[in-house]
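> Have a look at this one before I ask anything.
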Amino acid sequence: MQHITGIPRNQMYFSSLEDSISAENPVRFVEAFVEALDLGSLGFTLQTIKTEGRPSFDTKIFLKLYLYGYLNGLRGSRKLEKECIRNLELRWLLCGLVPNYHSISDFRKQNPTGLKKLFKLFVSFLKDADLISGEVIAIDGTKSRAHNSKKANFNQKKIERHLAYIEEKTQEYLTQLDQNDTQDNGINITKIQEKIERLKNNKIGYELLEAKLKASGEPQISTTDEDARALLVQGVVVEISYNIQAAVDNKHNLVVATHTINRNDLNALGAIAL
């Protein structure tokens, strides 16, 4: 029996991006919504046209990309970059442009205020369009592991333990130096003095960390991701994480509020509910 055959890959054919997206496709809503926004009043950093070098992407390009990612569950900047290449809807939305993951990530970092205001505006629009009821809201959270390792997270007890260890080892090396005073062993003395000097530098580092911890008024401090904290992830498992809370309206399962905090769920429910 003859099979259905596709288009030969080396055959040329004429088409446009506009023809590939139906009139009812939701991606057209993202296009219209972003084009109607006054980005300056929302607090976005607007890209200006440069007189030299490679031109920059329009701010609206990144905003369209992030809104499309939000509506379709695409979160990571690398994943969004990949979708710009293979996703027909995104190719239509961005007119074939493919920003690299670094530029996509920088846009989010440089525009936290604008994105927060936009999210509130977007939720207000959804309510005006009767897409959210505001009657039944489901709230849940998830822990997102930070880059910060457990070794680079400190509380007062941990710092005191490190300082006590340094004092103990320093005293041990000083005792060895006293014993070597009666012996002609210059090599061993030099090595011990180097270790003592290294311990002194480590002590200064921990004392500065202790001062920073006390000044912050927080029970913990992280050196890589400063906002991350040691959180209970599951059972007795503790990871250095962020706690991402989301509130979802029951009408069309749309997210109406999000919080990213560094405390456990017990301290999160009240704020996200309000």
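We label chains A, B, ... in the order they appear in the structure tokens, count residues from 1 in each chain, and number ligands from 1 in the order shown.
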Near segment 73-85 of chain A, counting only C-alpha atoms, which residues have an atom at most 9 Å away, once you skip same-chain residues fewer than 2 positions from it, shown as a ChimeraX atom specification?
/A:65-66,68-71,87-91,94,96-105
> Can you pull out every residue within 9 Å of His147 of chain A, counting only C-alpha atoms, but drop anything in the same chain fewer than 4 positions away, and send it as a list in words?
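Result of the neighbour search: Thr224, Asp225, Ala228, Ile240 and Ser241 of chain A.
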> Export, as a short mmCIF file (atom, residue, chain, number, x, y, z; two decimals), in the first residue's frame, the selected residues with all heavy atoms.

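Output file part_18.cif follows:
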```cif
data_model
loop_
_atom_site.label_atom_id
_atom_site.label_comp_id
_atom_site.auth_asym_id
_atom_site.auth_seq_id
_atom_site.Cartn_x
_atom_site.Cartn_y
_atom_site.Cartn_z
N THR A 224 27.77 32.99 48.11
CA THR A 224 27.62 32.98 46.64
C THR A 224 26.29 33.61 46.24
O THR A 224 26.25 34.60 45.52
CB THR A 224 27.71 31.54 46.10
OG1 THR A 224 28.93 30.95 46.53
CG2 THR A 224 27.68 31.54 44.58
N ASP A 225 25.17 33.02 46.67
CA ASP A 225 23.83 33.59 46.46
C ASP A 225 23.39 34.19 47.79
O ASP A 225 22.89 33.48 48.67
CB ASP A 225 22.85 32.51 46.00
CG ASP A 225 23.21 31.96 44.65
OD1 ASP A 225 23.67 32.74 43.81
OD2 ASP A 225 23.03 30.75 44.43
N ALA A 228 19.96 33.38 49.31
CA ALA A 228 19.60 31.97 49.53
C ALA A 228 19.80 31.59 50.99
O ALA A 228 20.65 32.15 51.67
CB ALA A 228 20.44 31.06 48.63
N ILE A 240 20.49 24.55 50.33
CA ILE A 240 20.54 26.00 50.20
C ILE A 240 19.64 26.36 49.03
O ILE A 240 19.94 26.03 47.88
CB ILE A 240 21.98 26.50 49.96
CG1 ILE A 240 22.93 25.89 50.98
CG2 ILE A 240 22.02 28.02 50.02
CD1 ILE A 240 22.56 26.15 52.43
N SER A 241 18.52 27.02 49.32
CA SER A 241 17.46 27.15 48.32
C SER A 241 16.73 28.49 48.42
O SER A 241 16.97 29.29 49.33
CB SER A 241 16.42 26.02 48.50
OG SER A 241 17.01 24.77 48.61
#
```
> Using only C-alpha atoms, find the one residue out of A:Leu37, A:Ala257, A:Leu213, A:Leu67 that sits nearest to Ile159 of chain A.
A:Leu213
> Which residue, A:Leu42, A:Val34, A:Val238, A:Leu199, has the smallest gap to Lys117 of chain A when you use only C-alpha atoms?
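For Lys117 of chain A, the nearest of the candidates is A:Leu42.
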